[in-house]
Every structure is written in structure tokens, then in C-alpha cells.
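Data first, discussion second: the structure below is written as C-alpha cells.
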Amino acid sequence: MEAFYRTHAYLVEHTNAPVRRDLMDEIDWNDRLIGIKGTRGVGKTTFLLQYAKEKFGTDRSCLFINMNNFYFQGRGIVDFAGEFVRYGGRVLLIDQVFKQPNWAEALVECYNRYEKLHIVYTTSSVIPPESESLRELKRISDNYVLHGFSFREFINSQTGLNFRAYNLEEILNDHEQILKTILPRVRPWNYLQDYLHHGHYPFFLETHNFTEQLLKSINTMIEVDILFIKQIDLKYLSRIKKLLYLIGLEGIAAPNITQMASEIGTSRATVMNYIKDLEEARLVNLVYHEGDEFPKKPAQIMMHNTNLLYAIYARGMSEPEIMETFFTNSLWRHHTVNKGRRNGMYIVDGVEIHVCDKNKHVKTQANSYCARYNTEVGHNNDIPLWLFGFLY
């Protein structure tokens, strides 16, 4: 146990998150069992350590452990938690809990056995096969999602400022007033290209070789977060990787599922299942026409964020593809994004929004909007695209 305390102390001491994530204040830390879900690279480990540093400092009643530690190959979570409680432990932070066999069952048992113990655990965004233990865990656990950096959080990290988030209604109706509070203090468009290239994943703060690190993370997302959790045979790994590459080649056009199935050597149904797995891993976003949903073919399959576009595809990406990917990624968390009738048109919670260049003429109705790129300002129903990056 002392070895774990020493590791915990070292990690907490050397944790320095330049941007405090809003989720820190949204979680009710009094709950006994808290799950934090998120894709690889969004900062779940740092988030746990920052919580330990903020709330406990050197207090040994809190302990961080990671299931990558080989110690847990020979000992389960339940026994370890019991020993921690006997040492006076009150808050156990478990990182990557899904790597432990029967992890859901173990967390449920800890909850039932150790009434004074609080557990905060992190897991993948990929949904594991349904089980009785998993259903019970969902019932007793309070679950949250940690996302990658928004454009707002990226600007805050680069400038030391503390801009707040706005909801969609505020951006649609009050964007001119919002701009008056932002533009005198920063020039957002000067930061957008860096964000599009490397700003979504917080590890850009720790490494100069961002693209190589992201490529490693993408491969781990597929090899572990998809194959391991979904229990897919390793021999199909190359198919899923090739499918992700083909999706990128399709751009923002309607996907040709039959052609993709032919190219990776499997059925259309299997391709659709793989696409859903890629969506859960936050590698792609599926955009449907209104009224449609999985397992129907989506109207568009887009990379989940623009960092993935730059990391995976060396081809020349069109400006509309990059900007529409940014728009979709900024909105999908809390809103339903559907494909509109024309290129660049999206229906967001029933509201028509056109993503277009500042100089493009678009026929719009009274209740529709334009999200325009290559501009910092907006007027009436024309809103600068970058401002949608302030939604969270």
C-alpha cells in the first residue's frame, strides 16, 4: 500500500492543469460512486489527479490507482478497496477501470460492502456488452462525460483568460452582445487554425510531437477501446483501421457503404456495426436526416474532430470539410445535429444553420442562420463560426 501512496504523492505533486475543466464544478462529489466517461486523450487521468490535488492535497484519505499497474493482475479491486478502507481511506480514484476483468461487478460489490468509501472511476466512451452487473452499476453510479477541449477552453489555455461558455440560444439571439465581451480582449480567429490542428486533445500541452502522439492514441482507441471492450477478434483489426481511412476519403459526402464493404471484405451490416463502434470511440460523428437514426445509413460520416482529419489524412482537405467538422463537433454533445437539404446546411434542434464562407450568398428564411468562417464578427442572423466553439 505504501508504494501506491508514494506513486499517488508524486503524480499529484507533478500535476499542473493549465485549464480547470468546468466538469470539476458540475460533479456532485458527495456521491458514493461516480463514473467519468471519455475517449482516450481528453484528460481523464489529469482530471482525477487535479481533483485529488484540489480537494485533498497530501491527505492520505484519497488515493489514485491505475488499472495498468500489473499488481492488479493478481489482485482484484474489491480486496484492494477493503485494505484501503482499513488504512483509513475514504476516496478511491480508479483510472481505466475497464481494463480489469469483471470491473462492473467489482464496483457494485465495493458499493455494497464499503458504505463509507467513495469511488470515482474513469472508463472508455465505448459501450461494453450489456450485463446484469453493468445495468446495476448504471443504477447506482452517477455518470458524467469529459470531452476534449472546446475552442473556448483552448483560447483560455493559450491566453490565461477565463471566458465562460454560452448556450445555443444565447449564441443565436445575443451573439452581437457576446462578441462585445470577447473581441476587445482577444482575436479568436488568430487561434482557430492552431485549435483545428491540435487543440482538441489536451496532451498538446505536454508534447511537441502532437501528431505522432495522436496517431498512437487513435490506434489504441481501435485496438483497446473497440476490439477489447467490444470483444472483436484481433484478425479484424486491419478492417476497422482501413474503414476509418476510407471514411476520411469520402469527405463530407454521403457515404457509399456498399463500396466500403467491398473494399474491406465484409458485409454492409458489419460495416454499419463498425461505424457505430467508431462513433462510440469518438473517432467519427454520424449525421442523419431528420427522423433517421442507426442502423439506417447516415447522410454524412465525419471525423469526430478536425485534429483527427489533420492526423490521419495527408490529402488536401477542403475548407468547407474542415469548418463543417468543427461545427458538428462543437454541437453534438448537447444538441441533435441533422443534415439539411443542401450542402453546408444543418438542422440543429429544428433550427436551420448554414455553414459557409463570409462572402457566400445564402438564401435564408427569417428563422434560419449562417455560421460564417473567415470572419470574427457577425450581424443579425450571420454568426461567426468560431463562436459555436464557446458552447461548452
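By convention here, the chains of the C-alpha cells are called A, B, ... in the order presented, each chain's residues are numbered starting at 1, and ligands are numbered starting at 1 in the order presented.
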- Task: For range 322-325 of chain A, please output as a PyMOL selection string all residues within 10 Å (counting only C-alpha atoms; exclusion window: fewer than 4 positions along the same chain).
- Result: chain A and resi 196-197+251-252+284-285+301-307+309-310+317-318+329-330+344-346+354-357+371-374+385-386
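CA of Leu391 in chain A to CA of Leu331 in chain A spans 7.3 Å [interatomic distance, one decimal].
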Write out as a PDB file with N, CA and C atoms, in the first residue's frame the residues lying within 10 Å of Thr7 in chain A, counting only C-alpha atoms and excluding same-chain residues fewer than 5 positions away.
```pdb
ATOM      1  N   GLU A   2       1.988   1.222   0.706  1.00  0.00           N
ATOM      2  CA  GLU A   2       2.864   2.398   0.756  1.00  0.00           C
ATOM      3  C   GLU A   2       3.385   2.767  -0.628  1.00  0.00           C
ATOM      4  N   VAL A  12       0.399  13.575  -7.978  1.00  0.00           N
ATOM      5  CA  VAL A  12      -0.342  14.775  -7.574  1.00  0.00           C
ATOM      6  C   VAL A  12       0.579  15.988  -7.537  1.00  0.00           C
ATOM      7  N   GLU A  13       1.775  15.804  -6.999  1.00  0.00           N
ATOM      8  CA  GLU A  13       2.720  16.913  -6.897  1.00  0.00           C
ATOM      9  C   GLU A  13       3.088  17.455  -8.272  1.00  0.00           C
ATOM     10  N   LEU A  63      -6.725   8.291  -2.615  1.00  0.00           N
ATOM     11  CA  LEU A  63      -5.680   7.536  -3.305  1.00  0.00           C
ATOM     12  C   LEU A  63      -6.056   7.332  -4.767  1.00  0.00           C
ATOM     13  N   PHE A  64      -5.095   7.599  -5.666  1.00  0.00           N
ATOM     14  CA  PHE A  64      -5.262   7.366  -7.098  1.00  0.00           C
ATOM     15  C   PHE A  64      -4.565   6.062  -7.475  1.00  0.00           C
ATOM     16  N   ILE A  65      -5.270   5.199  -8.215  1.00  0.00           N
ATOM     17  CA  ILE A  65      -4.664   3.976  -8.739  1.00  0.00           C
ATOM     18  C   ILE A  65      -5.059   3.821 -10.206  1.00  0.00           C
TER      19      ILE A  65
END
```
- Item | Secondary structure check, alpha helix (DSSP H) residues of range 104-243 of chain A, as number ranges by chain | A: 104-113, 132-140, 151-159, 168-182, 189-198, 210-220, 227-230, 237-243
Exercise: range 147-163 of chain A partners within 7 Å, only C-alpha atoms, chain neighbours under 2 positions left out, as a PDB file with C-alpha atoms, in the first residue's frame:
```pdb
ATOM      1  CA  PRO A  18      -3.365  24.945 -17.065  1.00  0.00           C
ATOM      2  CA  VAL A  19      -7.120  24.951 -17.679  1.00  0.00           C
ATOM      3  CA  GLY A  38     -14.425   9.872 -22.117  1.00  0.00           C
ATOM      4  CA  VAL A  42      -9.191  14.023 -23.399  1.00  0.00           C
ATOM      5  CA  VAL A 145     -18.641  12.708 -19.609  1.00  0.00           C
ATOM      6  CA  ALA A 165     -19.437  29.092 -22.044  1.00  0.00           C
ATOM      7  CA  TYR A 191      -6.147  30.955 -32.606  1.00  0.00           C
ATOM      8  CA  TYR A 195      -7.079  24.630 -32.493  1.00  0.00           C
ATOM      9  CA  GLY A 199      -6.284  21.929 -29.834  1.00  0.00           C
ATOM     10  CA  HIS A 200      -8.979  19.336 -29.094  1.00  0.00           C
ATOM     11  CA  TYR A 201      -6.791  16.899 -27.132  1.00  0.00           C
ATOM     12  CA  PRO A 202      -5.173  18.464 -24.023  1.00  0.00           C
ATOM     13  CA  GLY A 389     -16.768  26.774 -30.119  1.00  0.00           C
ATOM     14  CA  PHE A 390     -17.887  28.565 -26.940  1.00  0.00           C
ATOM     15  CA  TYR A 392     -19.035  24.230 -23.667  1.00  0.00           C
TER      16      TYR A 392
END
```
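Closest to Ile77 in chain A among A:Phe56, A:Tyr111, A:Phe204, A:Phe388 is A:Tyr111, based on only C-alpha atoms.
Distances to Leu278 in chain A were evaluated for A:Leu249, A:Ile140, A:Leu244, A:His8 using only C-alpha atoms, and the minimum falls at A:Leu244.
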- Test item: residues at most 8 Å from Ser368 in chain A, only C-alpha atoms, excluding those fewer than 5 positions along its chain, as a ChimeraX atom specification: /A:351-354,381
